[in-house]
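**Q** Just dropping this structure here.
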Amino acid sequence: MKDYTQDTLCVQAGWHPATGESRIPSICQSTTFFYGDSRAMADCFDLKSEGYFYSRLANPTVAAFEGKVAALDGGAAAVACASGMSALTMAALTVAGAGDNILCSQSVYGGTFNLFGTTLPKLGIECRFFDPDDSAEHISALADEHTKFIFAETIANPSMVVLDFAKIAAVAKEHGLLFIADNTLATPVLCRPREFGADITIYSTSKYLEGHAAALGGMIVDEGTFTFKGNARYPSFNTPDESYHGLVYADLNVPFATKCRAQLIRDAGAIMAPMNAYLSFLGCDTLALRMARHSENAKKIAAYLAAHPKVAWVKHPSLPDNKYRALAEKYLPKGQGGMLSFGINGGIEKCRAFMESLELITQETHVADVRSSVLHPASTTHRQLSEHELEMAGVPANLIRLSVGIEDADDIVADLENALKRV
């Protein structure tokens, strides 16, 4: 589309009907597609022409959502996956294999920490974790000739660390490394990672993009910024893929997205379901409006909690004394989303008492939808981590993750106030 603002792209990108077609994309709930011309189908398989032949690889409804997110991100192409975790897995395996290693911020979502630190090593892929506050020199020293990418979250879940894009991008550029950023909690409305050096952007679309906790999904956005051609670090992009008729991915316009779909999505089948793509497409229509409200509410709630005597600490970049405020002003000037974390004086039992006293705000294994919710990560999403790993990830035992919704901020404060009185 033209160079429209994010607000307009949220509503208009991804689907452009012809005369007489539905104004929003239809739900193409079909596994397969008819071809009366065998050569036309063969050309689709050979990537010589565009088209759909099996929904495990591509589907019209899913493609509409992919187009919307790619436009919002400013990227070249997108690949929709069954969940955010499958998007991370597919992205990692597109470039890394046995004998390779990856660099990852230790302040990431617990599922990501476990995927990179436990599951991928079983496939022979080593993960080297770094503190996001480490110097560029320290992080750079972790890379070698077998390193395939460097990964971090724009806003870390739940430690609320704000990514120093310039530092990580500099390390990636120094080594000719792919820079992958998870932008789930910021969304492209608040931050476009490609503008700050990221080459691949990951989303759990189950969160703010869909927005209503109704549809699982993940998205890989190929920003089209990385040069694979001639890069010795990535031989699988520069040698013929015999499993795909000798295709050389580095010769294509969008090498990463094409290889991801033609190899990983083809073989693992982790594509997004058409119904989930449809719901997520509709959810994106109001993304800009929702992110403004989420950010405004979270700022108010963070200030309220920071002044409460029963709250030990609060982490949100909008607070004047937050160590990441300067980075947030640089990379997230329009808002920092609706998530924050805070600690209750007295430890884990006090946390439980507080959460069980809430009425409007509910306990959920979710974050980033329209309804306010809380979670105790150390005993849920991060419970598989050891005490040392919890410390590395910035998840103390008294941390409560609060996902601030779009309800009236005064009602949210009243619920928090009532629950804190009972602690």
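Labels used: A, B, ... for chains in the order of the structure tokens, numbers from 1 for residues in each chain, and numbers from 1 for ligands as shown.
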Near stretch 410-419 of chain A, counting only C-alpha atoms, which residues have an atom at most 6 Å away, once you skip same-chain residues fewer than 5 positions from it, shown as a short mmCIF file (atom, residue, chain, number, x, y, z; two decimals) with N, CA and C atoms, in the first residue's frame?
**A**
```cif
data_model
loop_
_atom_site.label_atom_id
_atom_site.label_comp_id
_atom_site.auth_asym_id
_atom_site.auth_seq_id
_atom_site.Cartn_x
_atom_site.Cartn_y
_atom_site.Cartn_z
N PHE A 354 -3.26 -11.62 47.43
CA PHE A 354 -3.62 -10.45 46.64
C PHE A 354 -4.40 -10.86 45.39
N SER A 357 -7.90 -12.04 45.83
CA SER A 357 -8.83 -11.01 46.32
C SER A 357 -9.33 -10.10 45.20
N LEU A 358 -8.75 -10.21 44.04
CA LEU A 358 -9.18 -9.39 42.91
C LEU A 358 -10.53 -9.86 42.40
#
```
**Q** What residues in stretch 11-97 of chain A get the DSSP label helix (DSSP H, G or I)? Please answer as a ChimeraX atom specification.
**A** /A:11-12,38-45,60-73,84-95
**Q** Would you output that residue set with N, CA and C atoms, as a compact mmCIF listing (two decimals), in the first residue's frame?
**A**
```
# COMPACT_ATOMS: atom_id res chain seq x y z
N VAL A 11 -6.54 -0.77 9.55
CA VAL A 11 -7.88 -0.95 9.01
C VAL A 11 -7.87 -1.43 7.57
N GLN A 12 -6.92 -0.96 6.77
CA GLN A 12 -7.00 -1.15 5.33
C GLN A 12 -6.04 -2.18 4.73
N SER A 38 -2.89 -29.12 -14.96
CA SER A 38 -1.83 -29.74 -14.15
C SER A 38 -0.55 -28.92 -14.17
N ARG A 39 -0.28 -28.24 -15.29
CA ARG A 39 0.92 -27.42 -15.38
C ARG A 39 0.83 -26.23 -14.43
N ALA A 40 -0.35 -25.65 -14.30
CA ALA A 40 -0.54 -24.50 -13.40
C ALA A 40 -0.24 -24.90 -11.96
N MET A 41 -0.69 -26.11 -11.55
CA MET A 41 -0.39 -26.56 -10.20
C MET A 41 1.10 -26.81 -10.03
N ALA A 42 1.73 -27.40 -11.03
CA ALA A 42 3.17 -27.66 -10.96
C ALA A 42 3.95 -26.36 -10.82
N ASP A 43 3.51 -25.32 -11.51
CA ASP A 43 4.18 -24.03 -11.41
C ASP A 43 4.07 -23.44 -10.00
N CYS A 44 2.93 -23.70 -9.33
CA CYS A 44 2.79 -23.24 -7.95
C CYS A 44 3.79 -23.98 -7.05
N PHE A 45 3.90 -25.28 -7.24
CA PHE A 45 4.84 -26.07 -6.44
C PHE A 45 6.28 -25.60 -6.67
N PRO A 60 -5.79 -18.61 1.50
CA PRO A 60 -6.16 -17.21 1.21
C PRO A 60 -6.48 -16.38 2.45
N THR A 61 -7.19 -16.95 3.41
CA THR A 61 -7.52 -16.20 4.63
C THR A 61 -6.26 -15.90 5.44
N VAL A 62 -5.41 -16.90 5.55
CA VAL A 62 -4.15 -16.73 6.27
C VAL A 62 -3.27 -15.70 5.56
N ALA A 63 -3.27 -15.75 4.23
CA ALA A 63 -2.45 -14.82 3.45
C ALA A 63 -2.89 -13.38 3.66
N ALA A 64 -4.19 -13.15 3.83
CA ALA A 64 -4.68 -11.79 4.07
C ALA A 64 -4.13 -11.25 5.39
N PHE A 65 -4.13 -12.10 6.41
CA PHE A 65 -3.59 -11.68 7.70
C PHE A 65 -2.08 -11.47 7.62
N GLU A 66 -1.39 -12.35 6.91
CA GLU A 66 0.05 -12.18 6.71
C GLU A 66 0.34 -10.85 6.04
N GLY A 67 -0.47 -10.50 5.04
CA GLY A 67 -0.27 -9.24 4.34
C GLY A 67 -0.49 -8.03 5.23
N LYS A 68 -1.48 -8.13 6.11
CA LYS A 68 -1.75 -7.01 7.02
C LYS A 68 -0.59 -6.79 7.98
N VAL A 69 -0.09 -7.86 8.59
CA VAL A 69 0.99 -7.71 9.56
C VAL A 69 2.29 -7.26 8.88
N ALA A 70 2.56 -7.80 7.69
CA ALA A 70 3.75 -7.37 6.96
C ALA A 70 3.70 -5.88 6.66
N ALA A 71 2.51 -5.40 6.27
CA ALA A 71 2.36 -3.97 5.97
C ALA A 71 2.55 -3.13 7.22
N LEU A 72 1.95 -3.56 8.33
CA LEU A 72 2.10 -2.83 9.58
C LEU A 72 3.56 -2.75 10.01
N ASP A 73 4.28 -3.83 9.79
CA ASP A 73 5.68 -3.91 10.22
C ASP A 73 6.62 -3.23 9.23
N GLY A 84 2.64 -18.46 18.77
CA GLY A 84 3.87 -17.69 18.88
C GLY A 84 5.07 -18.58 19.07
N MET A 85 4.92 -19.65 19.84
CA MET A 85 6.04 -20.57 20.05
C MET A 85 6.41 -21.31 18.77
N SER A 86 5.42 -21.66 17.96
CA SER A 86 5.75 -22.32 16.69
C SER A 86 6.45 -21.34 15.75
N ALA A 87 6.08 -20.06 15.82
CA ALA A 87 6.77 -19.05 15.01
C ALA A 87 8.24 -18.96 15.40
N LEU A 88 8.51 -18.96 16.70
CA LEU A 88 9.90 -18.94 17.17
C LEU A 88 10.66 -20.17 16.72
N THR A 89 10.01 -21.33 16.84
CA THR A 89 10.66 -22.58 16.47
C THR A 89 10.96 -22.63 14.98
N MET A 90 9.97 -22.26 14.16
CA MET A 90 10.17 -22.28 12.71
C MET A 90 11.26 -21.30 12.29
N ALA A 91 11.26 -20.12 12.91
CA ALA A 91 12.28 -19.12 12.57
C ALA A 91 13.68 -19.62 12.92
N ALA A 92 13.82 -20.20 14.11
CA ALA A 92 15.13 -20.70 14.53
C ALA A 92 15.64 -21.80 13.62
N LEU A 93 14.76 -22.76 13.29
CA LEU A 93 15.19 -23.90 12.49
C LEU A 93 15.36 -23.56 11.01
N THR A 94 14.88 -22.40 10.60
CA THR A 94 15.11 -21.97 9.22
C THR A 94 16.58 -21.70 8.97
N VAL A 95 17.30 -21.28 10.03
CA VAL A 95 18.71 -20.93 9.85
C VAL A 95 19.68 -21.79 10.63
```
**Q** May I ask which of the residues A:Ser372, A:Ser159, A:Ser55, A:Asn297 is the closest one to A:Ala213, counting only C-alpha atoms?
**A**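 Answer, going by the shortest atom-to-atom distance: A:Ser372.
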**Q** Mind dumping a table of every stretch 195-244 of chain A residue within 7 Å of stretch 170-180 of chain A, with the nearest atom pair and its distance in Å to one decimal, using only C-alpha atoms, sorted by chain and rising number, as CSV?
**A**
```
residue,atom,partner,partner_atom,distance
A:Ala198,CA,A:Phe179,CA,5.1
A:Asp199,CA,A:Phe179,CA,5.3
A:Ile200,CA,A:Ile180,CA,4.7
A:Thr201,CA,A:Ile180,CA,5.8
```
**Q** List the spatial neighbours of stretch 269-276 of chain A as a ChimeraX atom specification - criterion: any atom at most 7 Å away, only C-alpha atoms, same-chain residues fewer than 3 positions off excluded.
**A** /A:27-29,56-57,61-62,80-82,86,215-217,265-266,279-280
**Q** A:His366: which residues within 9 Å, counting only C-alpha atoms, same-chain residues fewer than 5 positions away excluded, as a ChimeraX atom specification?
**A** /A:206-207,213,373-375,403
**Q** How would the residues just chosen look if you wrote them out with C-alpha atoms as a PDB file, in the first residue's frame?
**A**
```
ATOM      1  CA  SER A 206      -2.579 -14.411  20.216  1.00  0.00           C
ATOM      2  CA  LYS A 207      -1.741 -11.273  22.195  1.00  0.00           C
ATOM      3  CA  ALA A 213      -7.959 -13.924  23.668  1.00  0.00           C
ATOM      4  CA  SER A 373      -5.407 -10.051  34.123  1.00  0.00           C
ATOM      5  CA  VAL A 374      -2.666 -11.105  36.539  1.00  0.00           C
ATOM      6  CA  LEU A 375      -0.283 -14.014  36.791  1.00  0.00           C
ATOM      7  CA  SER A 403      -1.694  -7.068  31.944  1.00  0.00           C
TER       8      SER A 403
END
```
**Q** Using only C-alpha atoms, what does the table of stretch 69-104 of chain A residues within 8 Å of stretch 144-150 of chain A look like, with each row giving the shortest atom pair and its distance in Å to one decimal, sorted by chain and ascending number, as CSV?
**A**
```
residue,atom,partner,partner_atom,distance
A:Val95,CA,A:Lys148,CA,6.4
A:Ala96,CA,A:Lys148,CA,6.0
A:Gly99,CA,A:His146,CA,7.2
A:Asp100,CA,A:His146,CA,4.9
A:Asn101,CA,A:Thr147,CA,4.7
A:Ile102,CA,A:Thr147,CA,5.3
A:Leu103,CA,A:Ile150,CA,4.6
A:Cys104,CA,A:Ile150,CA,5.8
```
**Q** Which residues, written as number ranges by chain, have at least one atom at most 9 Å from stretch 389-400 of chain A, with only C-alpha atoms counted and residues fewer than 6 positions away on the same chain left out?
**A** A: 105-110, 113, 131, 158-161, 340-351, 355, 374-379, 382-383
**Q** Can you write out the residues you just picked, keeping N, CA and C atoms, as a tab-separated table (two decimals), in the first residue's frame?
**A**
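Output file again.tsv is given in full below:
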```
chain	number	residue	atom	x	y	z
A	105	SER	N	19.00	-13.05	24.67
A	105	SER	CA	18.88	-12.32	25.93
A	105	SER	C	18.30	-13.26	26.98
A	106	GLN	N	18.83	-13.19	28.18
A	106	GLN	CA	18.31	-14.06	29.25
A	106	GLN	C	16.99	-13.53	29.81
A	107	SER	N	16.64	-12.30	29.47
A	107	SER	CA	15.37	-11.72	29.92
A	107	SER	C	14.32	-11.88	28.82
A	108	VAL	N	13.79	-13.09	28.74
A	108	VAL	CA	12.75	-13.39	27.74
A	108	VAL	C	11.66	-14.22	28.40
A	109	TYR	N	10.56	-14.38	27.69
A	109	TYR	CA	9.44	-15.19	28.15
A	109	TYR	C	9.92	-16.59	28.51
A	110	GLY	N	9.32	-17.18	29.55
A	110	GLY	CA	9.76	-18.48	30.04
A	110	GLY	C	9.72	-19.57	28.99
A	113	PHE	N	12.73	-19.08	26.80
A	113	PHE	CA	13.94	-19.49	27.53
A	113	PHE	C	14.08	-21.01	27.49
A	131	ASP	N	23.13	-11.20	29.41
A	131	ASP	CA	22.37	-10.20	30.14
A	131	ASP	C	22.12	-9.03	29.18
A	158	PRO	N	8.44	-11.36	31.73
A	158	PRO	CA	7.72	-10.25	32.39
A	158	PRO	C	8.66	-9.22	33.04
A	159	SER	N	9.95	-9.26	32.76
A	159	SER	CA	10.90	-8.40	33.48
A	159	SER	C	10.83	-6.94	33.05
A	160	MET	N	10.16	-6.67	31.92
A	160	MET	CA	9.97	-5.31	31.42
A	160	MET	C	11.26	-4.61	31.02
A	161	VAL	N	12.27	-5.39	30.66
A	161	VAL	CA	13.50	-4.82	30.10
A	161	VAL	C	13.20	-4.29	28.70
A	340	LEU	N	2.84	-4.57	32.89
A	340	LEU	CA	3.80	-4.12	33.89
A	340	LEU	C	3.99	-5.25	34.90
A	341	SER	N	5.01	-5.15	35.70
A	341	SER	CA	5.22	-6.13	36.77
A	341	SER	C	5.52	-5.39	38.05
A	342	PHE	N	5.14	-6.02	39.16
A	342	PHE	CA	5.40	-5.39	40.46
A	342	PHE	C	5.54	-6.46	41.53
A	343	GLY	N	6.12	-6.08	42.65
A	343	GLY	CA	6.34	-7.01	43.74
A	343	GLY	C	5.54	-6.62	44.96
A	344	ILE	N	4.95	-7.63	45.61
A	344	ILE	CA	4.20	-7.40	46.84
A	344	ILE	C	5.13	-7.61	48.04
A	345	ASN	N	5.08	-6.70	49.01
A	345	ASN	CA	5.85	-6.90	50.24
A	345	ASN	C	5.36	-8.17	50.94
A	346	GLY	N	6.30	-9.07	51.26
A	346	GLY	CA	5.92	-10.26	52.01
A	346	GLY	C	6.05	-11.58	51.28
A	347	GLY	N	6.37	-11.58	50.00
A	347	GLY	CA	6.64	-12.84	49.32
A	347	GLY	C	5.45	-13.51	48.67
A	348	ILE	N	5.64	-14.81	48.33
A	348	ILE	CA	4.72	-15.52	47.46
A	348	ILE	C	3.32	-15.69	48.08
A	349	GLU	N	3.21	-15.91	49.38
A	349	GLU	CA	1.90	-16.09	49.99
A	349	GLU	C	1.09	-14.80	49.93
A	350	LYS	N	1.76	-13.68	50.09
A	350	LYS	CA	1.08	-12.40	49.95
A	350	LYS	C	0.61	-12.19	48.51
A	351	CYS	N	1.43	-12.65	47.55
A	351	CYS	CA	1.05	-12.56	46.14
A	351	CYS	C	-0.23	-13.34	45.87
A	355	MET	N	-3.87	-11.79	44.63
A	355	MET	CA	-4.50	-12.17	43.37
A	355	MET	C	-5.87	-12.81	43.58
A	374	VAL	N	-3.92	-10.98	35.79
A	374	VAL	CA	-2.67	-11.11	36.54
A	374	VAL	C	-2.18	-12.54	36.48
A	375	LEU	N	-0.90	-12.69	36.76
A	375	LEU	CA	-0.28	-14.01	36.79
A	375	LEU	C	0.93	-13.96	37.71
A	376	HIS	N	1.22	-15.09	38.34
A	376	HIS	CA	2.44	-15.22	39.14
A	376	HIS	C	3.41	-16.08	38.33
A	377	PRO	N	4.31	-15.47	37.55
A	377	PRO	CA	5.16	-16.21	36.61
A	377	PRO	C	6.02	-17.29	37.25
A	378	ALA	N	6.58	-17.04	38.44
A	378	ALA	CA	7.50	-18.01	39.03
A	378	ALA	C	6.85	-19.36	39.28
A	379	SER	N	5.53	-19.38	39.47
A	379	SER	CA	4.84	-20.65	39.73
A	379	SER	C	4.00	-21.10	38.54
A	382	HIS	N	6.95	-19.60	34.22
A	382	HIS	CA	8.39	-19.78	34.40
A	382	HIS	C	8.71	-20.88	35.42
A	383	ARG	N	7.73	-21.71	35.77
A	383	ARG	CA	7.95	-22.68	36.84
A	383	ARG	C	8.98	-23.75	36.48
```
**Q** What are the DSSP strand (DSSP E or B) residues of stretch 59-104 of chain A, as a PDB file with C-alpha atoms, in the first residue's frame?
**A**
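Produced file out39.pdb, reproduced below:
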```pdb
ATOM      1  CA  ALA A  77       6.743 -10.824   3.628  1.00  0.00           C
ATOM      2  CA  ALA A  78       5.228 -12.702   6.548  1.00  0.00           C
ATOM      3  CA  VAL A  79       4.592 -16.321   7.482  1.00  0.00           C
ATOM      4  CA  ALA A  80       1.713 -17.085   9.849  1.00  0.00           C
ATOM      5  CA  CYS A  81       2.142 -19.978  12.285  1.00  0.00           C
ATOM      6  CA  ASN A 101      24.636 -21.801  18.172  1.00  0.00           C
ATOM      7  CA  ILE A 102      22.419 -18.825  18.852  1.00  0.00           C
ATOM      8  CA  LEU A 103      22.689 -15.805  21.165  1.00  0.00           C
ATOM      9  CA  CYS A 104      19.675 -14.918  23.287  1.00  0.00           C
TER      10      CYS A 104
END
```
**Q** Looking at A:Val423, A:Val311, A:Leu163, A:Val221, which one is nearest to A:Asp133, with distances taken over only C-alpha atoms?
**A**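 Of the candidates, the smallest distance to A:Asp133 is held by A:Leu163.
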